[in-house]
Structure formats: C-alpha cells, structure tokens
file my_file_35.cif (mmCIF, C-alpha atoms)
data_entry
#
loop_
_atom_site.group_PDB
_atom_site.id
_atom_site.type_symbol
_atom_site.label_atom_id
_atom_site.label_comp_id
_atom_site.auth_asym_id
_atom_site.auth_seq_id
_atom_site.Cartn_x
_atom_site.Cartn_y
_atom_site.Cartn_z
ATOM 1 C CA MET A 1 4.944 23.569 21.801
ATOM 2 C CA ALA A 2 5.359 23.755 18.013
ATOM 3 C CA SER A 3 6.379 20.540 16.259
ATOM 4 C CA GLU A 4 9.587 22.069 14.871
ATOM 5 C CA GLU A 5 10.642 23.269 18.312
ATOM 6 C CA LYS A 6 10.032 19.810 19.804
ATOM 7 C CA CYS A 7 12.078 18.153 17.075
ATOM 8 C CA HIS A 8 14.986 20.542 17.649
ATOM 9 C CA GLN A 9 14.799 19.843 21.397
ATOM 10 C CA LEU A 10 15.016 16.086 20.858
ATOM 11 C CA ALA A 11 17.815 16.496 18.294
ATOM 12 C CA ASP A 12 19.794 18.569 20.809
ATOM 13 C CA GLU A 13 19.346 15.874 23.464
ATOM 14 C CA ILE A 14 20.466 13.130 21.069
ATOM 15 C CA ARG A 15 23.479 15.223 20.083
ATOM 16 C CA LYS A 16 24.360 15.646 23.750
ATOM 17 C CA ILE A 17 24.130 11.884 24.395
ATOM 18 C CA LEU A 18 26.217 10.981 21.353
ATOM 19 C CA GLY A 19 28.709 13.699 22.221
ATOM 20 C CA ASN A 20 29.439 11.943 25.521
ATOM 21 C CA SER A 21 30.551 8.823 23.599
ATOM 22 C CA ILE A 22 29.013 5.361 23.516
ATOM 23 C CA THR A 23 30.463 2.386 25.387
ATOM 24 C CA LEU A 24 29.583 -0.909 23.727
ATOM 25 C CA SER A 25 28.026 -3.665 25.804
ATOM 26 C CA SER A 26 29.864 -6.958 26.312
ATOM 27 C CA GLN A 27 27.101 -8.769 24.369
ATOM 28 C CA LEU A 28 27.540 -6.506 21.364
ATOM 29 C CA ILE A 29 31.334 -6.825 21.460
ATOM 30 C CA HIS A 30 30.992 -10.613 21.573
ATOM 31 C CA TYR A 31 28.739 -10.478 18.509
ATOM 32 C CA ILE A 32 31.156 -8.202 16.619
ATOM 33 C CA ASP A 33 34.124 -10.419 17.526
ATOM 34 C CA SER A 34 32.246 -13.537 16.393
ATOM 35 C CA THR A 35 31.079 -11.937 13.151
ATOM 36 C CA PHE A 36 34.245 -10.110 12.179
ATOM 37 C CA SER A 37 36.856 -12.507 13.667
ATOM 38 C CA ASN A 38 38.068 -10.424 16.627
ATOM 39 C CA PRO A 39 38.879 -7.258 14.652
ATOM 40 C CA THR A 40 41.187 -4.545 15.921
ATOM 41 C CA THR A 41 39.971 -0.952 16.021
ATOM 42 C CA ALA A 42 42.035 -0.234 12.895
ATOM 43 C CA GLU A 43 40.387 -3.127 11.046
ATOM 44 C CA LEU A 44 36.927 -1.879 12.026
ATOM 45 C CA GLN A 45 37.853 1.613 10.875
ATOM 46 C CA THR A 46 38.978 0.179 7.512
ATOM 47 C CA ILE A 47 35.644 -1.578 7.011
ATOM 48 C CA LEU A 48 33.718 1.592 7.870
ATOM 49 C CA GLN A 49 35.711 3.664 5.385
ATOM 50 C CA ASP A 50 35.298 1.208 2.518
ATOM 51 C CA ASP A 51 32.061 1.974 0.635
ATOM 52 C CA ALA A 52 32.543 -1.174 -1.461
ATOM 53 C CA ASN A 53 32.586 -3.442 1.610
ATOM 54 C CA CYS A 54 29.212 -5.192 1.922
ATOM 55 C CA GLU A 55 29.635 -5.407 5.708
ATOM 56 C CA LYS A 56 29.991 -1.642 6.197
ATOM 57 C CA ASP A 57 26.296 -0.802 6.657
ATOM 58 C CA SER A 58 25.536 -3.674 9.049
ATOM 59 C CA LEU A 59 28.600 -2.850 11.163
ATOM 60 C CA MET A 60 27.671 0.825 11.268
ATOM 61 C CA GLU A 61 24.140 0.003 12.471
ATOM 62 C CA LEU A 62 25.540 -2.319 15.149
ATOM 63 C CA LEU A 63 27.874 0.351 16.481
ATOM 64 C CA LEU A 64 25.186 3.019 16.524
ATOM 65 C CA PHE A 65 22.211 1.021 17.785
ATOM 66 C CA PRO A 66 20.146 2.914 20.384
ATOM 67 C CA ASP A 67 20.201 0.419 23.242
ATOM 68 C CA GLU A 68 18.246 0.685 26.489
ATOM 69 C CA THR A 69 20.936 2.871 28.091
ATOM 70 C CA ILE A 70 20.419 5.536 25.432
ATOM 71 C CA GLN A 71 16.644 5.186 25.372
ATOM 72 C CA LEU A 72 16.374 5.592 29.133
ATOM 73 C CA GLN A 73 17.972 9.011 28.831
ATOM 74 C CA LEU A 74 15.286 10.051 26.333
ATOM 75 C CA GLU A 75 12.143 8.404 27.717
ATOM 76 C CA ALA A 76 10.929 11.266 29.931
ATOM 77 C CA LEU A 77 11.407 13.736 27.072
ATOM 78 C CA LEU A 78 9.549 11.528 24.566
ATOM 79 C CA GLU A 79 6.649 11.114 26.976
ATOM 80 C CA ARG A 80 6.434 14.847 27.631
ATOM 81 C CA LEU A 81 6.791 16.144 24.045
ATOM 82 C CA ASP A 82 4.228 13.802 22.466
ATOM 83 C CA PHE A 83 5.721 13.323 18.999
ATOM 84 C CA LYS A 84 3.599 12.509 15.955
ATOM 85 C CA GLU A 85 4.255 10.304 12.932
ATOM 86 C CA GLY A 86 6.451 12.210 10.508
ATOM 87 C CA ASP A 87 8.409 14.026 13.209
ATOM 88 C CA GLU A 88 11.271 11.567 12.726
ATOM 89 C CA LYS A 89 12.311 13.303 9.507
ATOM 90 C CA SER A 90 12.342 16.722 11.190
ATOM 91 C CA VAL A 91 14.464 15.360 14.043
ATOM 92 C CA LEU A 92 16.888 13.901 11.486
ATOM 93 C CA ILE A 93 17.245 17.234 9.687
ATOM 94 C CA ALA A 94 17.801 19.085 12.970
ATOM 95 C CA LEU A 95 20.359 16.514 14.159
ATOM 96 C CA LEU A 96 22.435 16.809 10.969
ATOM 97 C CA LYS A 97 22.261 20.592 10.765
ATOM 98 C CA ASN A 98 25.836 20.701 12.081
ATOM 99 C CA PRO A 99 28.596 18.072 11.659
ATOM 100 C CA LEU A 100 28.420 15.348 14.302
ATOM 101 C CA GLN A 101 31.001 12.782 15.328
ATOM 102 C CA VAL A 102 30.575 10.067 17.942
ATOM 103 C CA THR A 103 33.263 8.190 19.858
ATOM 104 C CA ILE A 104 32.686 4.454 20.291
ATOM 105 C CA ARG A 105 34.476 3.063 23.327
ATOM 106 C CA PHE A 106 35.335 -0.569 23.990
ATOM 107 C CA PRO A 107 35.830 -2.048 27.436
ATOM 108 C CA ARG A 108 39.290 -3.322 28.287
ATOM 109 C CA ASP A 109 42.282 -2.238 26.216
ATOM 110 C CA ARG A 110 40.989 -1.538 22.695
ATOM 111 C CA GLU A 111 41.376 1.911 21.239
ATOM 112 C CA ALA A 112 38.281 4.062 20.751
ATOM 113 C CA LEU A 113 36.614 4.313 17.349
ATOM 114 C CA HIS A 114 35.488 7.636 15.869
ATOM 115 C CA LEU A 115 32.456 7.789 13.572
ATOM 116 C CA THR A 116 31.143 10.671 11.519
ATOM 117 C CA ILE A 117 27.346 10.631 11.654
ATOM 118 C CA THR A 118 25.767 10.707 8.210
ATOM 119 C CA GLU A 119 22.119 10.586 7.172
ATOM 120 C CA GLU A 120 22.457 6.863 6.354
ATOM 121 C CA VAL A 121 23.568 6.212 9.941
ATOM 122 C CA ALA A 122 21.297 8.662 11.765
ATOM 123 C CA ASP A 123 18.058 7.738 9.987
ATOM 124 C CA PRO A 124 17.763 4.128 11.326
ATOM 125 C CA PHE A 125 19.017 5.323 14.731
ATOM 126 C CA ILE A 126 16.118 7.790 15.049
ATOM 127 C CA TRP A 127 13.509 5.347 13.716
ATOM 128 C CA ARG A 128 14.562 2.764 16.314
ATOM 129 C CA LEU A 129 13.770 5.244 19.095
ATOM 130 C CA ASN A 130 10.047 4.822 18.288
ATOM 131 C CA ILE A 131 9.458 8.480 19.142
ATOM 132 C CA SER A 132 5.915 8.603 17.741
ATOM 133 C CA LYS A 133 4.726 5.512 19.618
ATOM 134 C CA HIS A 134 2.589 6.411 22.628
ATOM 135 C CA LEU A 135 1.957 4.229 25.629
ATOM 136 C CA ASN A 136 -1.641 3.521 26.573
ATOM 137 C CA PRO A 137 -2.942 6.038 29.189
ATOM 138 C CA ASP A 138 -3.990 3.231 31.557
ATOM 139 C CA LEU A 139 -0.511 1.728 31.373
ATOM 140 C CA LEU A 140 1.071 5.108 32.033
ATOM 141 C CA GLU A 141 -1.193 5.717 35.009
ATOM 142 C CA THR A 142 -0.259 2.353 36.514
ATOM 143 C CA LEU A 143 3.466 2.838 35.892
ATOM 144 C CA ASN A 144 3.518 6.359 37.261
ATOM 145 C CA ARG A 145 2.442 4.971 40.638
ATOM 146 C CA TYR A 146 5.749 3.116 40.936
ATOM 147 C CA ASP A 147 8.090 4.594 43.526
ATOM 148 C CA ASP A 148 11.143 3.404 41.593
ATOM 149 C CA LYS A 149 11.214 5.721 38.570
ATOM 150 C CA ASN A 150 14.204 3.915 37.065
ATOM 151 C CA ILE A 151 12.232 0.651 36.887
ATOM 152 C CA SER A 152 9.180 2.549 35.638
ATOM 153 C CA ASN A 153 11.166 4.119 32.806
ATOM 154 C CA ARG A 154 12.832 0.810 31.897
ATOM 155 C CA ILE A 155 9.379 -0.762 31.581
ATOM 156 C CA LYS A 156 8.200 2.147 29.427
ATOM 157 C CA VAL A 157 11.184 1.659 27.119
ATOM 158 C CA LYS A 158 10.493 -2.069 26.818
ATOM 159 C CA ILE A 159 6.834 -1.448 25.955
ATOM 160 C CA ARG A 160 7.805 1.333 23.533
ATOM 161 C CA ASN A 161 10.074 -1.173 21.761
ATOM 162 C CA SER A 162 7.466 -3.942 21.717
ATOM 163 C CA ARG A 163 5.670 -4.978 18.541
ATOM 164 C CA PHE A 164 2.347 -6.342 19.807
ATOM 165 C CA PHE A 165 -0.925 -4.678 18.805
ATOM 166 C CA PRO A 166 -2.322 -2.999 21.951
ATOM 167 C CA SER A 167 -5.824 -4.478 21.980
ATOM 168 C CA GLU A 168 -8.076 -3.826 24.964
ATOM 169 C CA ASP A 169 -7.562 -7.332 26.386
ATOM 170 C CA LYS A 170 -3.779 -7.091 26.072
ATOM 171 C CA ILE A 171 -3.680 -3.696 27.769
ATOM 172 C CA LYS A 172 -5.850 -5.006 30.633
ATOM 173 C CA PHE A 173 -3.496 -7.957 31.052
ATOM 174 C CA LEU A 174 -0.425 -5.696 31.118
ATOM 175 C CA CYS A 175 -2.080 -3.361 33.624
ATOM 176 C CA LEU A 176 -2.892 -6.345 35.848
ATOM 177 C CA PHE A 177 0.711 -7.529 35.564
ATOM 178 C CA LEU A 178 2.048 -4.098 36.556
ATOM 179 C CA GLU A 179 -0.387 -3.861 39.467
ATOM 180 C CA LYS A 180 0.493 -7.294 40.860
ATOM 181 C CA PHE A 181 4.265 -7.039 40.398
ATOM 182 C CA ASP A 182 6.069 -4.581 42.633
ATOM 183 C CA SER A 183 8.827 -2.378 41.238
ATOM 184 C CA GLN A 184 11.143 -3.933 43.846
ATOM 185 C CA ASP A 185 10.570 -7.491 42.594
ATOM 186 C CA ASN A 186 13.944 -8.595 41.264
ATOM 187 C CA ASP A 187 12.360 -10.599 38.428
ATOM 188 C CA ILE A 188 9.869 -8.004 37.185
ATOM 189 C CA LEU A 189 11.825 -7.094 34.033
ATOM 190 C CA GLU A 190 12.512 -10.711 33.083
ATOM 191 C CA CYS A 191 8.843 -11.621 33.579
ATOM 192 C CA LEU A 192 7.789 -8.543 31.626
ATOM 193 C CA ASP A 193 9.981 -9.595 28.674
ATOM 194 C CA PHE A 194 8.223 -12.966 28.666
ATOM 195 C CA VAL A 195 4.751 -11.394 28.855
ATOM 196 C CA VAL A 196 5.454 -8.896 26.067
ATOM 197 C CA ALA A 197 6.786 -11.683 23.809
ATOM 198 C CA LEU A 198 3.660 -13.740 24.553
ATOM 199 C CA LEU A 199 1.384 -10.808 23.689
ATOM 200 C CA ASP A 200 3.209 -10.350 20.404
ATOM 201 C CA GLU A 201 2.764 -14.043 19.607
ATOM 202 C CA LEU A 202 -0.959 -14.364 20.389
ATOM 203 C CA ASN A 203 -3.563 -12.923 18.040
ATOM 204 C CA PRO A 204 -6.345 -12.812 19.009
ATOM 205 C CA PHE A 205 -5.766 -12.650 22.760
ATOM 206 C CA ASN A 206 -8.754 -13.372 24.969
ATOM 207 C CA ASP A 207 -8.224 -15.374 28.152
ATOM 208 C CA ALA A 208 -4.928 -14.404 29.829
ATOM 209 C CA TYR A 209 -4.841 -17.328 32.268
ATOM 210 C CA GLN A 210 -5.587 -19.940 29.615
ATOM 211 C CA SER A 211 -2.995 -18.359 27.313
ATOM 212 C CA LEU A 212 -0.359 -18.763 30.017
ATOM 213 C CA MET A 213 -1.372 -22.372 30.659
ATOM 214 C CA ALA A 214 -1.333 -23.155 26.940
ATOM 215 C CA LYS A 215 2.215 -21.829 26.735
ATOM 216 C CA LYS A 216 3.225 -23.851 29.786
ATOM 217 C CA LYS A 217 1.682 -26.953 28.202
ATOM 218 C CA PHE A 218 3.699 -26.287 25.033
ATOM 219 C CA TYR A 219 6.960 -26.243 27.019
ATOM 220 C CA PHE A 220 5.901 -29.329 28.973
ATOM 221 C CA ILE A 221 5.180 -31.366 25.826
ATOM 222 C CA SER A 222 8.450 -30.145 24.285
ATOM 223 C CA LEU A 223 10.342 -31.427 27.317
ATOM 224 C CA GLN A 224 8.610 -34.814 27.094
ATOM 225 C CA LYS A 225 9.558 -35.078 23.427
ATOM 226 C CA ALA A 226 13.131 -34.114 24.257
ATOM 227 C CA LYS A 227 13.314 -36.886 26.868
ATOM 228 C CA GLN A 228 11.922 -39.422 24.374
ATOM 229 C CA LEU A 229 14.508 -38.309 21.827
ATOM 230 C CA GLU A 230 17.306 -38.745 24.374
ATOM 231 C CA THR A 231 16.131 -42.310 25.025
ATOM 232 C CA GLN A 232 16.072 -43.056 21.292
ATOM 233 C CA LEU A 233 19.532 -41.534 20.776
ATOM 234 C CA HIS A 234 20.938 -43.988 23.323
ATOM 235 C CA LYS A 235 19.874 -46.773 20.944
ATOM 236 C CA HIS A 236 20.245 -45.178 17.501
ATOM 237 C CA ASN A 237 22.227 -42.353 15.971
ATOM 238 C CA VAL A 238 20.606 -39.298 14.380
ATOM 239 C CA GLU A 239 21.024 -40.621 10.821
ATOM 240 C CA THR A 240 19.143 -43.822 11.701
ATOM 241 C CA LEU A 241 16.270 -41.922 13.285
ATOM 242 C CA LEU A 242 15.996 -39.652 10.259
ATOM 243 C CA ALA A 243 16.008 -42.679 7.957
ATOM 244 C CA GLN A 244 13.125 -44.087 9.997
ATOM 245 C CA GLY A 245 11.154 -40.915 9.361
ATOM 246 C CA LYS A 246 11.518 -39.645 12.918
ATOM 247 C CA ARG A 247 11.650 -35.905 13.544
ATOM 248 C CA VAL A 248 14.793 -34.847 15.389
ATOM 249 C CA VAL A 249 14.116 -31.485 17.025
ATOM 250 C CA LEU A 250 16.491 -30.296 19.715
ATOM 251 C CA ILE A 251 15.253 -27.828 22.331
ATOM 252 C CA ASP A 252 16.932 -25.947 25.136
ATOM 253 C CA GLN A 253 15.597 -27.984 28.057
ATOM 254 C CA LYS A 254 17.050 -25.642 30.673
ATOM 255 C CA ASP A 255 15.318 -22.663 29.059
ATOM 256 C CA ALA A 256 12.009 -24.558 28.757
ATOM 257 C CA ARG A 257 12.034 -25.419 32.475
ATOM 258 C CA LYS A 258 12.914 -21.832 33.331
ATOM 259 C CA LYS A 259 9.992 -20.564 31.228
ATOM 260 C CA MET A 260 7.589 -22.979 32.941
ATOM 261 C CA LEU A 261 8.693 -21.706 36.352
ATOM 262 C CA MET A 262 8.275 -18.142 35.121
ATOM 263 C CA ILE A 263 4.743 -18.906 33.941
ATOM 264 C CA ASP A 264 3.937 -20.317 37.381
ATOM 265 C CA ARG A 265 5.355 -17.177 38.985
ATOM 266 C CA ILE A 266 3.293 -14.879 36.753
ATOM 267 C CA SER A 267 0.127 -16.944 37.013
ATOM 268 C CA ARG A 268 0.214 -17.129 40.798
ATOM 269 C CA ALA A 269 0.953 -13.410 41.082
ATOM 270 C CA LEU A 270 -1.885 -12.404 38.756
ATOM 271 C CA PHE A 271 -4.500 -15.102 39.304
ATOM 272 C CA GLY A 272 -3.508 -16.855 42.510
ATOM 273 C CA LYS A 273 -3.259 -20.264 40.822
ATOM 274 C CA THR A 274 -1.494 -22.376 38.205
ATOM 275 C CA GLU A 275 -1.847 -25.877 36.717
ATOM 276 C CA TYR A 276 0.370 -28.939 36.487
ATOM 277 C CA PHE A 277 0.863 -31.713 33.962
ATOM 278 C CA GLU A 278 2.170 -35.219 34.463
ATOM 279 C CA PRO A 279 3.280 -37.664 31.707
ATOM 280 C CA LEU A 280 1.470 -41.001 31.396
ATOM 281 C CA ASN A 281 3.294 -44.265 30.657
ATOM 282 C CA GLY A 282 6.296 -42.513 29.141
ATOM 283 C CA GLY A 283 4.308 -41.774 25.974
ATOM 284 C CA GLY A 284 3.121 -38.656 24.303
ATOM 285 C CA GLU A 285 -0.032 -38.455 26.409
ATOM 286 C CA TYR A 286 -0.292 -36.415 29.569
ATOM 287 C CA LEU A 287 -2.857 -35.671 32.209
ATOM 288 C CA GLU A 288 -3.826 -32.230 33.380
ATOM 289 C CA LEU A 289 -4.373 -31.245 36.994
ATOM 290 C CA GLY A 290 -6.235 -28.252 38.313
ATOM 291 C CA PRO A 291 -4.516 -25.548 40.355
ATOM 292 C CA ASN A 292 -5.502 -27.020 43.723
ATOM 293 C CA GLN A 293 -4.533 -30.634 43.049
ATOM 294 C CA ASN A 294 -1.339 -32.245 44.278
ATOM 295 C CA VAL A 295 0.467 -34.129 41.522
ATOM 296 C CA LYS A 296 1.734 -37.018 43.685
ATOM 297 C CA ASP A 297 -1.639 -37.511 45.377
ATOM 298 C CA PHE A 298 -3.412 -37.590 42.036
ATOM 299 C CA ILE A 299 -0.971 -40.130 40.578
ATOM 300 C CA ARG A 300 -1.431 -42.294 43.670
ATOM 301 C CA THR A 301 -5.179 -42.546 42.980
ATOM 302 C CA LEU A 302 -4.456 -44.044 39.558
ATOM 303 C CA SER A 303 -2.262 -46.850 40.850
#
call {"tool": "encode", "arguments": {"input": "my_file_35.cif", "output": "structure tokens"}}
result
Amino acid sequence: MASEEKCHQLADEIRKILGNSITLSSQLIHYIDSTFSNPTTAELQTILQDDANCEKDSLMELLLFPDETIQLQLEALLERLDFKEGDEKSVLIALLKNPLQVTIRFPRDREALHLTITEEVADPFIWRLNISKHLNPDLLETLNRYDDKNISNRIKVKIRNSRFFPSEDKIKFLCLFLEKFDSQDNDILECLDFVVALLDELNPFNDAYQSLMAKKKFYFISLQKAKQLETQLHKHNVETLLAQGKRVVLIDQKDARKKMLMIDRISRALFGKTEYFEPLNGGGEYLELGPNQNVKDFIRTLS
C-alpha cells in the first residue's frame, strides 16, 4: 500500500474516533480541577478561546491527549500498515483536509466542551501515537500467542509508548516476562509497567535477575532509612535534624513495600527464586540471604 494511502486511512480512523467524542478520565478531571480550581465548562471554554492566556496550550493538550482508550482502537491498524518516520506529517495534512471538531464529555453533570481541531492541537496528538515505532518481531510473536487479544493489544500500546532502548538483552527479558505471565494473570499489566520502567532506567542492562534484586535492595535500604528517620523524628523536629547536617528524605513506604512484593512476584515467575534482606542491629548495615534460605532460621544461627 502506498504511503499516502496509508496516511489517509489512519487519518480517517482518527477522525472517526474523535467524531464519536472523548470522555475524560476521572484522573484527568481531578488534575484539571486541581490545576484550574474546579473550572466550569464555560470557564474552560474562555481559556481555550483566549490566545493571550498562557494556560491555553497546556489545557488544550490535556483535553486532547491520546490515552490508552484511543490508542487501543488504533493499535491493530498501526501494526498492519507499518508506518515510517515522516508519515506523521502526511497524516496531519490528511486529518486537517476538512474542518474537524471534537466534543469533550465530562462524567457527572458538567456540560460538554466543543473544540475545533487546529494544526497546533493535532500535531502533538499524532506524534504521541508513536505511529512509526515498531515492536520487535520476537515480542510480537510472543504476544500474538495470547488468547486474550484485548490484553495483547494493551501490552502492545504500553510498549509502543515506552522510552527504553530495545537492546537484545532487554528484548529477551521482555519476551521471557511475556512467556511466563499468562494473559489471564490479574497483575500482568501492573507488573509490566514496573518492568518497562526498570528497563528505561537501566543502561546498560545485562543480568535481569541481578537487576531485579538490586532494585529490591534499593527499596529495602530506603525503608530502613525511613524507619531510622521516624525514630529520630520522635526525639527531634525536622529543623533540628537539618541543623545537625542530617538528610531528611521522605519516601512512600507503602509504595516501596508494594514494589518489593512485585519484584518477588516477577522474579519467582521468571527465575523461580528471589532473595531476602534483613537489617542488622538497627543500623544501616544489612545481611543478604540466598533464595533458598529462611530469614528466621538464618537469624537464629547468629544469636
């Protein structure tokens, strides 16, 4: 299929999706309400019509951000048409060939908002679709074995949106993850988000198991430091600790524990093992146990 024909086909599909209106997610509405002080639809419309308002562009991009719901409707088409770099501009031209207006709907009782799509709005929308990014053939082969095509497509969208460089080791790790996790596992998407973020963070990436354990160790040490800080805050206030040259770094302890459990889940699924750490003497030191050692039994041998 000729490039121009493909671009017109995608533009027509985008036009169809936008023509059916967009319903904002509760998370996005919460962000808009927090940023713009619970605006009414009329107040939002006023901002969008005021070219001198510095908040206009950021609000417009928020309202017309291609979230996963939109991307899921386009994923099969993007995979089939195989777009190249530079096709984004042709899609933009085809999309704006005729006037286009989109209706933004809010849950609950707010009135709908009507936006006229201009080049300034459509250009970032199309670029965020990552149409010229292609998934690795090995990843596609693994994903296409999934019985649940909805989960398969959601994973493809997440990987399409990811930023990590797809080195050979990272692709092997992702393929192993997708082979070991079943599409029916209720935590597959949450675990995938963690894995993709880890791959983006680590360069170079060599040993997958050790990378997971290093991340778990990071969360473990952070939790120990948080506990030490809590003990110190019972005796001194923050100003006193800062005056003493102490670092006061607050972490989300609940999130850190959740991430450690997630690492254990991933590690056991992929490698059949994990490792544990135990603090020594309430200080900054810790001891490390292998995957087959029981923490309580090991501590007992030291007493």
call {"tool": "residues_around", "arguments": {"input": "my_file_35.cif", "residues": "Leu72 (chain A)", "least_positions_apart": "3", "cutoff": "12 Å", "atoms": "all atoms listed in the file", "output": "PyMOL selection string"}}
result
chain A and resi 14+17+66-69+75-79+129+149-158+160-161
call {"tool": "resolve_selection", "arguments": {"input": "my_file_35.cif", "expression": "the PyMOL selection byres ((chain A and resi 126) around 10)", "output": "MDAnalysis selection string"}}
result
chainID A and resid 11 14 65:66 88:89 91:92 95 121:125 127:131
call {"tool": "atom_distance", "arguments": {"input": "my_file_35.cif", "atom1": "CA of Asp252 (chain A)", "atom2": "CA of Thr35 (chain A)"}}
result
23.2 Å
call {"tool": "atom_distance", "arguments": {"input": "my_file_35.cif", "atom1": "CA of Leu63 (chain A)", "atom2": "CA of Asp109 (chain A)"}}
result
17.6 Å
call {"tool": "residues_around", "arguments": {"input": "my_file_35.cif", "residues": "region 169-178 of chain A", "least_positions_apart": "4", "cutoff": "8 Å", "atoms": "all atoms listed in the file", "output": "number ranges by chain"}}
result
A: 136, 138-139, 142-143, 182, 199, 205-206, 208, 266, 270
call {"tool": "atom_distance", "arguments": {"input": "my_file_35.cif", "atom1": "CA of Ser211 (chain A)", "atom2": "CA of Glu190 (chain A)"}}
result
18.2 Å
call {"tool": "resolve_selection", "arguments": {"input": "my_file_35.cif", "expression": "the PyMOL selection byres ((chain A and resi 47) around 12)", "output": "list in words"}}
result
Phe36, Pro39, Thr40, Thr41, Ala42, Glu43, Leu44, Gln45, Thr46, Leu48, Gln49, Asp50, Asp51, Ala52, Asn53, Cys54, Glu55, Lys56, Asp57, Ser58, Leu59, Met60, Leu113 and Leu115 of chain A
call {"tool": "residues_around", "arguments": {"input": "my_file_35.cif", "residues": "Gln101 (chain A)", "least_positions_apart": "2", "cutoff": "9 Å", "atoms": "all atoms listed in the file", "output": "list in words"}}
result
Leu18, Gly19, Pro99, Thr103, His114, Leu115, Thr116 and Ile117 of chain A
call {"tool": "write_last_selection", "arguments": {"input": "my_file_35.cif", "atoms": "C-alpha atoms", "output": "PDB file, keeping the file's coordinate frame"}}
result
ATOM      1  CA  LEU A  18      26.217  10.981  21.353  1.00  0.00           C
ATOM      2  CA  GLY A  19      28.709  13.699  22.221  1.00  0.00           C
ATOM      3  CA  PRO A  99      28.596  18.072  11.659  1.00  0.00           C
ATOM      4  CA  THR A 103      33.263   8.190  19.858  1.00  0.00           C
ATOM      5  CA  HIS A 114      35.488   7.636  15.869  1.00  0.00           C
ATOM      6  CA  LEU A 115      32.456   7.789  13.572  1.00  0.00           C
ATOM      7  CA  THR A 116      31.143  10.671  11.519  1.00  0.00           C
ATOM      8  CA  ILE A 117      27.346  10.631  11.654  1.00  0.00           C
TER       9      ILE A 117
END
call {"tool": "closest_residue", "arguments": {"input": "my_file_35.cif", "among": "A:Lys84, A:Lys97, A:Arg105, A:Lys216", "to": "Ile263 (chain A)", "atoms": "only C-alpha atoms"}}
result
A:Lys216
call {"tool": "closest_residue", "arguments": {"input": "my_file_35.cif", "among": "A:Leu140, A:Ile70, A:Glu119, A:Lys258", "to": "Leu100 (chain A)", "atoms": "all atoms listed in the file"}}
result
A:Glu119
